[in-house]
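Accompanying notes for the structure given below.
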Amino acid sequence: MRKLVLALTASVFALAGAASANAGEIAVIVKTVNSTFWQNVQKGADAAIAKQKAHTMTFQGPAAESAIADQVNMVENAVNRKVDAILLAPSDPDALVPAVKKAWEARIPVVIIDSMLSKDAEKYYQSFLATDNKAAGALAAKAMIAKVGTEGKIAVMSYVAGAGSEIGRVGGFTDYIKANSKLEIVGPFYSQSQMATALNQTTDVLAANADLKGIFGANEPTAIGMGRAIKQAGKAGKIVAIGFDGNQDLQEFVKDGTLEATVVQGSYQMGEKGVEALLKLTAKEKVEKFIDTGVVVVTKDNIDKPEAKNVLY
């Protein structure tokens, strides 16, 4: 009986998939569904799909970003059910390439968001939408200089050395600081994207540099750890701290003055602009190979305004 029920359930899903494909399905596949960041991507995708009636949309992702094989299967299943287009945030630059190649061979347009695939995969997708991390880092540096001035000492709390986003983001920050000020940079320190590590590193940096005027936390877990260390050290409001990304913890740090600002990626825009690009492609229109989804510098002054609410999550 159990086998019969499972078989019937599988048949229902197969029929549902076929029906969706016949209606013009756009498959949105993200790194994980268990993240407010990717849920905000879904909101943007929903907004774009609601503006038209020619296509339906499905949204899925693994339980965790580390479940790369599950994401590969999701892309392959989308290809097998002959969807009209795929919006993909690849969890691994290499592991997803064969699945994306299958989509290309099946003449299914693919748009990549957030994280780039390896170089040899460029011909298999039509557009890449992401944050211009170098520009985002420069914006954080500009905000820092506006508050601390052009002389003194600041620290950089980074995450994973050599990661593509880290190279652009921290590189953009330090390049702007060096070109536009005489500020001395302490670090960078690498948290490996672990909040607890960032907290301990920041605690040590604050203790060793009593004259520190500012500090930059370059991604979400690093900025959260940095913010908590600042509060524990009694330095909230006494040091200019700028974070990156916009979850609830970081929003609270902005509201209570622990963070002067946080630079937030356009996750909503990734979903919205990504689906819009796919709709153009299915209509045989051209799209740009790279589309910058932008960032917003969120402060206490604009945190409740639409420009910030669309990117916060």
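Convention: chains lettered A, B, ... in structure tokens order; per-chain residue numbering from 1; ligands numbered from 1 as shown.
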- Message: Just want the 10 Å neighbourhood of Pro98 (chain A), counted on only C-alpha atoms, with same-chain residues fewer than 5 positions away dropped. Output as a list in words.
- Response: Val72, Val75, Glu76, Ala103, Trp104, Ala121 and Tyr124 of chain A
Store the residues picked out above in a file with N, CA and C atoms, as an mmCIF file, in the first residue's frame.
```cif
data_model
loop_
_atom_site.group_PDB
_atom_site.id
_atom_site.type_symbol
_atom_site.label_atom_id
_atom_site.label_comp_id
_atom_site.auth_asym_id
_atom_site.auth_seq_id
_atom_site.Cartn_x
_atom_site.Cartn_y
_atom_site.Cartn_z
ATOM 1 N N VAL A 72 22.233 20.159 -7.999
ATOM 2 C CA VAL A 72 22.503 19.622 -9.338
ATOM 3 C C VAL A 72 21.292 18.833 -9.831
ATOM 4 N N VAL A 75 18.419 21.097 -10.994
ATOM 5 C CA VAL A 75 18.629 21.670 -12.331
ATOM 6 C C VAL A 75 18.375 20.609 -13.399
ATOM 7 N N GLU A 76 18.905 19.416 -13.181
ATOM 8 C CA GLU A 76 18.706 18.340 -14.159
ATOM 9 C C GLU A 76 17.231 17.975 -14.307
ATOM 10 N N ALA A 103 21.161 22.117 -19.957
ATOM 11 C CA ALA A 103 20.115 23.102 -20.275
ATOM 12 C C ALA A 103 20.433 23.789 -21.599
ATOM 13 N N TRP A 104 21.693 24.154 -21.783
ATOM 14 C CA TRP A 104 22.124 24.802 -23.018
ATOM 15 C C TRP A 104 21.899 23.884 -24.218
ATOM 16 N N ALA A 121 32.319 27.945 -18.461
ATOM 17 C CA ALA A 121 30.867 27.744 -18.576
ATOM 18 C C ALA A 121 30.141 28.957 -19.144
ATOM 19 N N TYR A 124 27.344 28.721 -21.713
ATOM 20 C CA TYR A 124 26.163 27.917 -21.397
ATOM 21 C C TYR A 124 25.035 28.717 -20.748
#
```
6 Å contact set for Gly214 (chain A), only C-alpha atoms, chain neighbours under 2 positions out, as a compact mmCIF listing (two decimals) with N, CA, C and O atoms, in the first residue's frame:
```
# COMPACT_ATOMS: atom_id res chain seq x y z
N ILE A 154 41.84 52.41 11.09
CA ILE A 154 40.61 51.63 10.95
C ILE A 154 40.99 50.15 10.75
O ILE A 154 42.11 49.85 10.37
N LEU A 212 41.54 53.04 17.70
CA LEU A 212 40.82 52.69 16.47
C LEU A 212 39.61 53.61 16.29
O LEU A 212 38.81 53.79 17.20
N ILE A 239 32.79 54.07 18.19
CA ILE A 239 33.62 53.71 17.05
C ILE A 239 32.71 53.60 15.84
O ILE A 239 31.58 53.14 15.94
N VAL A 240 33.17 54.05 14.68
CA VAL A 240 32.35 54.00 13.47
C VAL A 240 32.45 52.60 12.87
O VAL A 240 33.52 52.20 12.40
N ALA A 241 31.35 51.87 12.92
CA ALA A 241 31.33 50.50 12.42
C ALA A 241 30.40 50.41 11.22
O ALA A 241 29.26 50.88 11.27
```
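Taking CA of Ile215 (chain A) as the reference point, CA of Gln269 (chain A) is found at 27.8 Å.
Comparing the minimum interatomic distances between Met144 (chain A) and each of A:Ala308, A:Leu183, A:Ala47, A:Met226, counting only C-alpha atoms, we find that A:Leu183 sits nearest.
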Which region 205-236 of chain A residues have any atom within 7 Å of an atom of region 250-268 of chain A, and for each, what is the nearest pair of atoms with distance in Å to one decimal, counting only C-alpha atoms, rows sorted by chain and number, as a tab-separated table?
```
residue	atom	partner	partner_atom	distance
A:Ile224	CA	A:Leu250	CA	6.4
A:Gly227	CA	A:Thr258	CA	6.4
A:Lys231	CA	A:Thr258	CA	6.9
A:Ala236	CA	A:Thr258	CA	4.6
```
Written file, previous selection with all heavy atoms, as a short mmCIF file (atom, residue, chain, number, x, y, z; two decimals), in the first residue's frame:
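The result, written out as result26.cif:
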```
data_model
loop_
_atom_site.label_atom_id
_atom_site.label_comp_id
_atom_site.auth_asym_id
_atom_site.auth_seq_id
_atom_site.Cartn_x
_atom_site.Cartn_y
_atom_site.Cartn_z
N ILE A 224 27.99 40.58 12.01
CA ILE A 224 27.24 40.29 13.24
C ILE A 224 28.20 40.06 14.40
O ILE A 224 28.03 40.62 15.49
CB ILE A 224 26.33 39.06 13.04
CG1 ILE A 224 25.22 39.36 12.04
CG2 ILE A 224 25.70 38.64 14.38
CD1 ILE A 224 24.43 38.13 11.59
N GLY A 227 29.70 43.36 15.40
CA GLY A 227 28.74 44.18 16.14
C GLY A 227 28.59 43.73 17.58
O GLY A 227 28.54 44.55 18.51
N LYS A 231 29.56 45.85 21.08
CA LYS A 231 28.63 46.07 22.19
C LYS A 231 29.22 45.54 23.50
O LYS A 231 29.14 46.22 24.54
CB LYS A 231 27.29 45.38 21.90
CG LYS A 231 26.51 46.04 20.77
CD LYS A 231 25.10 45.49 20.64
CE LYS A 231 24.17 46.18 21.61
NZ LYS A 231 22.74 45.95 21.27
N ALA A 236 29.94 50.69 21.46
CA ALA A 236 28.84 51.06 20.56
C ALA A 236 28.64 52.58 20.57
O ALA A 236 28.52 53.20 21.63
CB ALA A 236 27.55 50.37 20.98
#
```
- Could you pull out the strand (DSSP E) residues of region 182-306 of chain A from DSSP and send them as a PyMOL selection string? chain A and resi 184-190+212-217+240-244+261-265+290-292+295-298
- Note on the structure: Using only C-alpha atoms, the best pick from A:Arg228, A:Lys43, A:Lys134, A:Lys286 as closest to Glu166 (chain A) would be A:Lys134
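Closest approach to Pro188 (chain A) from the set A:Val311, A:Asp211, A:Gly168, A:Phe216 is made by A:Phe216, with distances taken over only C-alpha atoms.
Of the residues under consideration (A:Ala223, A:Leu87, A:Ala196, A:Ala283), A:Ala283 shows the shortest atom-to-atom contact distance to Ala54 (chain A) when counting only C-alpha atoms.
Counting only C-alpha atoms and comparing A:Glu288, A:Glu122, A:Glu220, A:Glu25, the residue that lies closest to Lys101 (chain A) is A:Glu122.
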